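K.L.:
Structure file coords-v3.cif, mmCIF, C-alpha atoms, is pasted below:
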data_target
#
loop_
_atom_site.label_atom_id
_atom_site.label_comp_id
_atom_site.auth_asym_id
_atom_site.auth_seq_id
_atom_site.Cartn_x
_atom_site.Cartn_y
_atom_site.Cartn_z
CA MET N 1462 9.05 -17.60 6.95
CA SER N 1463 7.44 -20.86 8.01
CA ALA N 1464 6.58 -23.64 5.58
CA LYS N 1465 2.98 -22.40 5.60
CA ARG N 1466 2.60 -19.60 3.07
CA ASP N 1467 0.91 -16.54 4.52
CA ARG N 1468 -2.38 -15.69 2.82
CA ILE N 1469 -2.46 -12.07 1.70
CA LEU N 1470 -5.45 -10.14 0.35
CA ILE N 1471 -4.78 -6.87 -1.41
CA PHE N 1472 -8.01 -4.88 -1.40
CA GLY N 1473 -7.68 -2.50 -4.32
CA ALA N 1474 -6.03 -3.12 -7.69
CA GLY N 1475 -4.75 0.34 -8.53
CA VAL N 1476 -1.09 1.35 -8.67
CA ILE N 1477 -0.25 0.62 -5.02
CA GLY N 1478 -2.20 -2.61 -4.78
CA SER N 1479 -0.79 -3.91 -8.05
CA MET N 1480 2.78 -3.13 -7.03
CA TYR N 1481 2.47 -4.91 -3.70
CA ALA N 1482 0.78 -7.84 -5.44
CA ILE N 1483 3.73 -8.31 -7.80
CA LYS N 1484 6.29 -8.21 -5.01
CA VAL N 1485 4.53 -10.57 -2.62
CA ILE N 1486 3.62 -13.04 -5.40
CA GLU N 1487 7.26 -13.13 -6.51
CA ALA N 1488 8.24 -13.78 -2.88
CA GLY N 1489 6.06 -16.90 -2.83
CA PHE N 1490 3.10 -15.77 -0.77
CA ASP N 1491 -0.50 -16.87 -1.40
CA VAL N 1492 -1.94 -13.64 -2.81
CA SER N 1493 -5.43 -12.59 -3.85
CA LEU N 1494 -6.24 -9.23 -5.40
CA PHE N 1495 -9.66 -7.64 -4.96
CA ALA N 1496 -10.80 -5.61 -7.98
CA HIS N 1497 -13.96 -4.28 -9.60
CA SER N 1498 -15.42 -3.76 -13.06
CA ASN N 1499 -13.00 -3.28 -15.96
CA ARG N 1500 -9.91 -3.74 -13.79
CA TYR N 1501 -11.25 -7.09 -12.59
CA LYS N 1502 -11.95 -8.18 -16.17
CA SER N 1503 -8.52 -7.07 -17.38
CA LEU N 1504 -6.71 -8.93 -14.58
CA ARG N 1505 -8.72 -12.09 -15.22
CA GLU N 1506 -7.99 -12.03 -18.96
CA ASN N 1507 -4.44 -10.71 -19.11
CA GLY N 1508 -2.92 -11.24 -15.68
CA LEU N 1509 -1.23 -8.39 -13.83
CA GLN N 1510 0.69 -6.53 -16.53
CA TYR N 1511 3.61 -4.25 -15.71
CA ILE N 1512 6.62 -2.58 -17.30
CA GLU N 1513 10.05 -3.94 -16.41
CA LYS N 1514 13.14 -2.56 -18.15
CA GLY N 1515 11.01 -1.25 -20.99
CA THR N 1516 9.21 -4.56 -21.60
CA VAL N 1517 5.58 -5.40 -20.80
CA ARG N 1518 5.48 -8.44 -18.53
CA SER N 1519 2.59 -10.32 -16.94
CA ILE N 1520 2.21 -12.24 -13.72
CA GLN N 1521 -0.76 -14.43 -12.84
CA VAL N 1522 -2.74 -13.42 -9.77
CA ASN N 1523 -5.87 -14.79 -8.14
CA VAL N 1524 -8.34 -11.92 -8.61
CA ILE N 1525 -11.69 -11.72 -6.81
CA ASP N 1526 -14.59 -9.27 -6.80
CA THR N 1527 -16.48 -10.64 -3.77
CA LEU N 1528 -15.24 -11.52 -0.31
CA GLU N 1529 -16.90 -13.97 2.05
CA ASN N 1530 -16.79 -13.31 5.78
CA ASP N 1531 -15.10 -16.67 6.46
CA ASP N 1532 -12.45 -16.17 3.76
CA VAL N 1533 -9.63 -15.50 6.23
CA TYR N 1534 -6.23 -13.96 5.43
CA ASP N 1535 -3.12 -13.40 7.55
CA PHE N 1536 -3.00 -9.79 6.35
CA ILE N 1537 -5.37 -7.64 4.31
CA PHE N 1538 -3.73 -4.63 2.65
CA VAL N 1539 -6.25 -1.87 1.94
CA THR N 1540 -4.73 0.02 -0.99
CA VAL N 1541 -7.43 2.51 -1.93
CA ARG N 1542 -7.45 6.30 -1.86
CA TYR N 1543 -8.35 7.98 1.42
CA ASP N 1544 -11.76 9.07 0.11
CA ARG N 1545 -12.60 5.39 -0.47
CA SER N 1546 -11.10 4.04 2.74
CA GLU N 1547 -14.29 4.14 4.79
CA ALA N 1548 -16.23 2.18 2.15
CA ALA N 1549 -13.40 -0.36 1.88
CA LEU N 1550 -13.26 -0.91 5.64
CA LEU N 1551 -17.04 -1.25 5.82
CA ALA N 1552 -16.77 -3.98 3.18
CA LEU N 1553 -14.24 -5.74 5.43
CA LYS N 1554 -16.08 -5.14 8.71
CA ASP N 1555 -17.54 -8.64 9.03
CA ASN N 1556 -14.64 -10.52 7.51
CA GLN N 1557 -12.86 -12.62 10.14
CA SER N 1558 -9.28 -11.71 9.17
CA LYS N 1559 -7.39 -10.29 12.17
CA ASN N 1560 -4.96 -7.84 10.55
CA ILE N 1561 -6.11 -5.00 8.27
CA VAL N 1562 -3.28 -2.79 7.00
CA THR N 1563 -4.45 0.58 5.67
CA MET N 1564 -2.03 1.77 2.99
CA THR N 1565 -3.29 5.34 2.67
CA SER N 1566 -2.87 8.85 4.04
CA ASN N 1567 -4.77 9.92 7.13
CA SER N 1568 -4.26 13.26 8.85
CA ILE N 1569 -7.49 13.38 10.89
CA GLY N 1570 -7.07 10.40 13.20
CA PHE N 1571 -8.05 6.75 13.40
CA SER N 1572 -11.26 6.90 15.44
CA LEU N 1573 -13.59 6.31 12.48
CA TRP N 1574 -11.53 3.40 11.17
CA LEU N 1575 -11.33 1.90 14.67
CA ASP N 1576 -15.10 2.14 14.99
CA ILE N 1577 -15.40 0.00 11.86
CA VAL N 1578 -12.70 -2.67 12.23
CA GLY N 1579 -11.53 -2.27 15.82
CA ASP N 1580 -8.07 -3.32 16.94
CA ARG N 1581 -7.52 -5.24 13.72
CA LEU N 1582 -6.36 -1.91 12.27
CA LEU N 1583 -2.68 -1.46 11.37
CA PRO N 1584 -1.98 1.95 9.79
CA ALA N 1585 0.68 2.13 7.09
CA PHE N 1586 1.82 4.23 4.16
CA PRO N 1587 3.22 2.95 0.83
CA GLY N 1588 6.72 3.63 -0.41
CA PHE N 1589 6.20 3.99 -4.14
CA GLY N 1590 3.87 5.31 -6.81
CA GLY N 1591 3.32 5.36 -10.54
CA GLN N 1592 0.39 5.02 -12.92
CA ILE N 1593 -1.61 2.49 -14.89
CA LYS N 1594 -1.85 3.09 -18.65
CA ASP N 1595 -4.07 0.87 -20.80
CA GLY N 1596 -4.12 -1.73 -18.05
CA VAL N 1597 -0.32 -1.81 -17.70
CA LEU N 1598 1.40 -0.75 -14.46
CA HIS N 1599 4.21 1.79 -14.74
CA ALA N 1600 5.72 1.75 -11.26
CA ARG N 1601 7.94 4.42 -9.78
CA PHE N 1602 10.29 3.52 -6.94
CA LEU N 1603 11.90 6.11 -4.70
CA PRO N 1604 15.10 5.68 -2.67
CA LYS N 1605 14.54 4.00 0.71
CA PHE N 1606 15.63 7.06 2.68
CA ILE N 1607 12.84 9.03 0.99
CA ALA N 1608 9.94 6.59 0.93
CA ALA N 1609 10.17 3.16 2.50
CA THR N 1610 6.81 1.64 3.41
CA ALA N 1611 5.98 2.84 6.92
CA PHE N 1612 3.79 0.94 9.38
CA GLY N 1613 3.21 0.54 13.10
CA GLU N 1614 0.70 -0.04 15.86
CA ILE N 1615 -1.39 2.97 16.84
CA ASN N 1616 -0.02 2.75 20.39
CA GLY N 1617 3.57 2.47 19.15
CA VAL N 1618 4.23 -0.99 20.60
CA VAL N 1619 6.21 -3.38 18.42
CA THR N 1620 3.87 -6.35 18.64
CA GLU N 1621 4.17 -9.87 17.25
CA ARG N 1622 2.03 -8.96 14.26
CA ILE N 1623 4.27 -5.98 13.48
CA GLU N 1624 7.26 -8.31 13.58
CA ASN N 1625 5.44 -10.75 11.27
CA LEU N 1626 4.59 -7.94 8.86
CA ALA N 1627 8.23 -6.87 8.89
CA LYS N 1628 9.27 -10.46 8.04
CA LEU N 1629 6.83 -10.42 5.14
CA PHE N 1630 8.33 -7.20 3.78
CA LYS N 1631 11.86 -8.49 4.26
CA THR N 1632 11.05 -11.71 2.40
CA ALA N 1633 9.48 -9.69 -0.43
CA LYS N 1634 12.57 -7.40 -0.50
CA LEU N 1635 10.41 -4.35 0.12
CA PRO N 1636 12.02 -1.48 2.05
CA TYR N 1637 10.12 -0.74 5.26
CA VAL N 1638 10.36 1.22 8.48
CA ILE N 1639 8.46 0.62 11.73
CA LYS N 1640 7.05 3.85 13.15
CA LYS N 1641 6.17 4.37 16.81
CA ASP N 1642 3.80 7.25 16.05
CA MET N 1643 1.97 6.62 12.78
CA GLN N 1644 -0.44 9.48 13.33
CA ALA N 1645 2.40 12.00 13.61
CA TYR N 1646 4.08 10.46 10.57
CA LEU N 1647 0.94 10.69 8.43
CA ILE N 1648 0.22 14.28 9.51
CA THR N 1649 3.81 15.28 8.72
CA HIS N 1650 3.58 13.56 5.33
CA SER N 1651 0.35 15.40 4.50
CA VAL N 1652 1.82 18.77 5.49
CA SER N 1653 4.98 18.20 3.43
CA ASP N 1654 2.86 17.21 0.42
CA ILE N 1655 0.79 20.39 0.73
CA ALA N 1656 3.95 22.48 0.95
CA MET N 1657 5.47 20.74 -2.08
CA LEU N 1658 2.32 21.13 -4.17
CA SER N 1659 2.07 24.80 -3.27
CA PHE N 1660 5.69 25.26 -4.31
CA LEU N 1661 5.29 23.41 -7.61
CA HIS N 1662 2.16 25.36 -8.51
CA SER N 1663 3.60 28.76 -7.65
CA GLU N 1664 4.62 31.15 -10.41
CA ASN N 1665 8.14 31.64 -9.06
CA LYS N 1666 9.26 28.01 -8.82
CA ILE N 1667 13.05 27.74 -8.83
CA ILE N 1668 15.23 30.76 -9.45
CA ASP N 1669 18.54 29.53 -8.12
CA LYS N 1670 18.74 25.97 -9.50
CA LYS N 1671 22.23 25.40 -8.12
CA THR N 1672 21.04 26.05 -4.58
CA ALA N 1673 17.92 23.97 -5.04
CA ARG N 1674 19.92 20.95 -6.14
CA THR N 1675 22.22 20.83 -3.11
CA ARG N 1676 21.56 18.04 -0.63
CA LYS N 1677 21.48 20.50 2.28
CA THR N 1678 18.70 22.53 0.66
#
Mind turning the file's structure into structure tokens?
P.N.:
Amino acid sequence: MSAKRDRILIFGAGVIGSMYAIKVIEAGFDVSLFAHSNRYKSLRENGLQYIEKGTVRSIQVNVIDTLENDDVYDFIFVTVRYDRSEAALLALKDNQSKNIVTMTSNSIGFSLWLDIVGDRLLPAFPGFGGQIKDGVLHARFLPKFIAATAFGEINGVVTERIENLAKLFKTAKLPYVIKKDMQAYLITHSVSDIAMLSFLHSENKIIDKKTARTRKT
């Protein structure tokens, strides 16, 4: 990366936003985390707390609860649930930042999001999960071949900003993959999740455990 530190705003301080915040802060980027209410208060008072090797650790992060239109970032990561994505993008509509990366599922298309933020939109999908208990992040990483962070332009072109985003992820040592059809990827991900949930909630889950555990299966 250049001597100038990229400014990153992570809009949403839940599991995904908190995990990205830790990684990009540790990589030396200028990071702000947008949060509300009790989460905002907790981050201000205690820093971003997380579990590492069984120990609670804390990292300081610049946390904000308001965003000015002229507060410009190189990338804004929107890390809210899909049902909150429209409200989040509306909050960012008049901000002058040029790259808005939506880290959430979307199986119905990008037309609504494009109507709000235009060609600033960069669809993506996170590569990890976890939970927050009593203000402390318990992250869960999956192997890269299962869930690297996926991102790409809607038209599939590998643009300069995609290359810059890839450099950011490489610097932060975050597994990533550039997709040439994000809409197809997100639809496929949604369908596989539905199938998995249906399977897990069925009465006859796994009968032949040996077969289920083989890599081919």
K.L.:
Check which residues of segment 1549-1589 of chain N sit at most 6 Å from segment 1517-1530 of chain N using all atoms listed in the file, and return one row each with the closest pair of atoms and their distance in Å to one decimal, ordered by chain and rising number, as JSON lines.
P.N.:
{"residue": "N:Asp1555", "atom": "CA", "partner": "N:Asn1530", "partner_atom": "CA", "distance": 5.7}
{"residue": "N:Asn1556", "atom": "CA", "partner": "N:Asn1530", "partner_atom": "CA", "distance": 3.9}
{"residue": "N:Gln1557", "atom": "CA", "partner": "N:Asn1530", "partner_atom": "CA", "distance": 5.9}
K.L.:
Go ahead and compute the interatomic distance for atom CA of Ile1623 of chain N and atom CA of Leu1583 of chain N, in Å to one decimal.
P.N.:
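Between atom CA of Ile1623 of chain N and atom CA of Leu1583 of chain N the gap is 8.6 Å.
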K.L.:
Starting from the shown file, work through the PyMOL selection byres ((chain N and resi 1497) around 12) and note down what comes out as a short mmCIF file (atom, residue, chain, number, x, y, z; two decimals) with C-alpha atoms, in the coordinates of the input.
P.N.:
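Okay, part05.cif is ready:
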data_model
loop_
_atom_site.label_atom_id
_atom_site.label_comp_id
_atom_site.auth_asym_id
_atom_site.auth_seq_id
_atom_site.Cartn_x
_atom_site.Cartn_y
_atom_site.Cartn_z
CA PHE N 1472 -8.01 -4.88 -1.40
CA GLY N 1473 -7.68 -2.50 -4.32
CA ALA N 1474 -6.03 -3.12 -7.69
CA GLY N 1475 -4.75 0.34 -8.53
CA LEU N 1494 -6.24 -9.23 -5.40
CA PHE N 1495 -9.66 -7.64 -4.96
CA ALA N 1496 -10.80 -5.61 -7.98
CA SER N 1498 -15.42 -3.76 -13.06
CA ASN N 1499 -13.00 -3.28 -15.96
CA ARG N 1500 -9.91 -3.74 -13.79
CA TYR N 1501 -11.25 -7.09 -12.59
CA LYS N 1502 -11.95 -8.18 -16.17
CA SER N 1503 -8.52 -7.07 -17.38
CA LEU N 1504 -6.71 -8.93 -14.58
CA ARG N 1505 -8.72 -12.09 -15.22
CA VAL N 1524 -8.34 -11.92 -8.61
CA ILE N 1525 -11.69 -11.72 -6.81
CA ASP N 1526 -14.59 -9.27 -6.80
CA THR N 1527 -16.48 -10.64 -3.77
CA LEU N 1528 -15.24 -11.52 -0.31
#
K.L.:
Name all residues at most 8 Å from Phe1490 of chain N (count only C-alpha atoms; drop same-chain ones fewer than 2 positions away) and give them as a PDB file with C-alpha atoms, keeping the file's coordinate frame.
P.N.:
ATOM      1  CA  ARG N1466       2.600 -19.600   3.070  1.00  0.00           C
ATOM      2  CA  ASP N1467       0.910 -16.540   4.520  1.00  0.00           C
ATOM      3  CA  ARG N1468      -2.380 -15.690   2.820  1.00  0.00           C
ATOM      4  CA  ILE N1469      -2.460 -12.070   1.700  1.00  0.00           C
ATOM      5  CA  VAL N1485       4.530 -10.570  -2.620  1.00  0.00           C
ATOM      6  CA  ILE N1486       3.620 -13.040  -5.400  1.00  0.00           C
ATOM      7  CA  GLU N1487       7.260 -13.130  -6.510  1.00  0.00           C
ATOM      8  CA  ALA N1488       8.240 -13.780  -2.880  1.00  0.00           C
ATOM      9  CA  VAL N1492      -1.940 -13.640  -2.810  1.00  0.00           C
TER      10      VAL N1492
END
K.L.:
Box for segment 1499-1503 of chain N: with edges along x, y and z, all listed atoms inside and 3 Å added on each side, what are the centre and edge lengths in Å to one decimal, as lines of an AutoDock Vina configuration file?
P.N.:
center_x = -10.8
center_y = -5.7
center_z = -15.0
size_x = 10.5
size_y = 10.9
size_z = 10.8
K.L.:
Have a look at N:Ile1471, N:Ile1593, N:Leu1575, N:Ile1569 and name the one nearest to Asp1535 of chain N; count only C-alpha atoms.
P.N.:
N:Ile1471
K.L.:
Return the single residue from N:Gly1579, N:Gly1617, N:Gly1590, N:Gly1515 that is closest to Ile1639 of chain N, with distances computed using all atoms listed in the file.
P.N.:
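For Ile1639 of chain N, the nearest of the given residues is N:Gly1617.
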K.L.:
Could you give me, as a VMD selection string, the residues within 9 Å of Ile1615 of chain N, counting all atoms listed in the file and dropping anything in the same chain fewer than 2 positions from it?
P.N.:
chain N and resid 1571 1582 to 1584 1613 1617 to 1618 1641 to 1644
K.L.:
In Å, how far is it from atom CA of Leu1550 of chain N to atom CA of Lys1628 of chain N?
P.N.:
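Result for atom CA of Leu1550 of chain N versus atom CA of Lys1628 of chain N: 24.6 Å, one decimal.
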K.L.:
Taking only C-alpha atoms into account, which of N:Leu1573, N:Val1562, N:Leu1509, N:Leu1635 comes nearest Val1476 of chain N?
P.N.:
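Among the listed residues, N:Leu1509 lies closest to Val1476 of chain N.
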K.L.:
Please indicate the distance in Å from atom CA of Lys1554 of chain N to atom CA of Phe1589 of chain N, rounded to one decimal place.
P.N.:
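Between atom CA of Lys1554 of chain N and atom CA of Phe1589 of chain N the gap works out to 27.3 Å.
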K.L.:
Between N:Ala1633, N:Ala1609, N:Ile1483, N:Met1564, which is the closest to Phe1538 of chain N once you count all atoms listed in the file?
P.N.:
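Checking each candidate against Phe1538 of chain N, we get N:Met1564 as the closest.
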K.L.:
May I ask which of the residues N:Arg1545, N:Asp1532, N:Pro1587, N:Ile1648 is the closest one to Ser1558 of chain N, counting all atoms listed in the file?
P.N.:
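Distance minimum relative to Ser1558 of chain N lands on N:Asp1532.
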K.L.:
When you count all atoms listed in the file, which of these residues is closest to Ala1627 of chain N: N:His1599, N:Phe1536, N:Lys1559, N:Gly1489?
P.N.:
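Looking at the shortest contact to Ala1627 of chain N, the residue is N:Phe1536.
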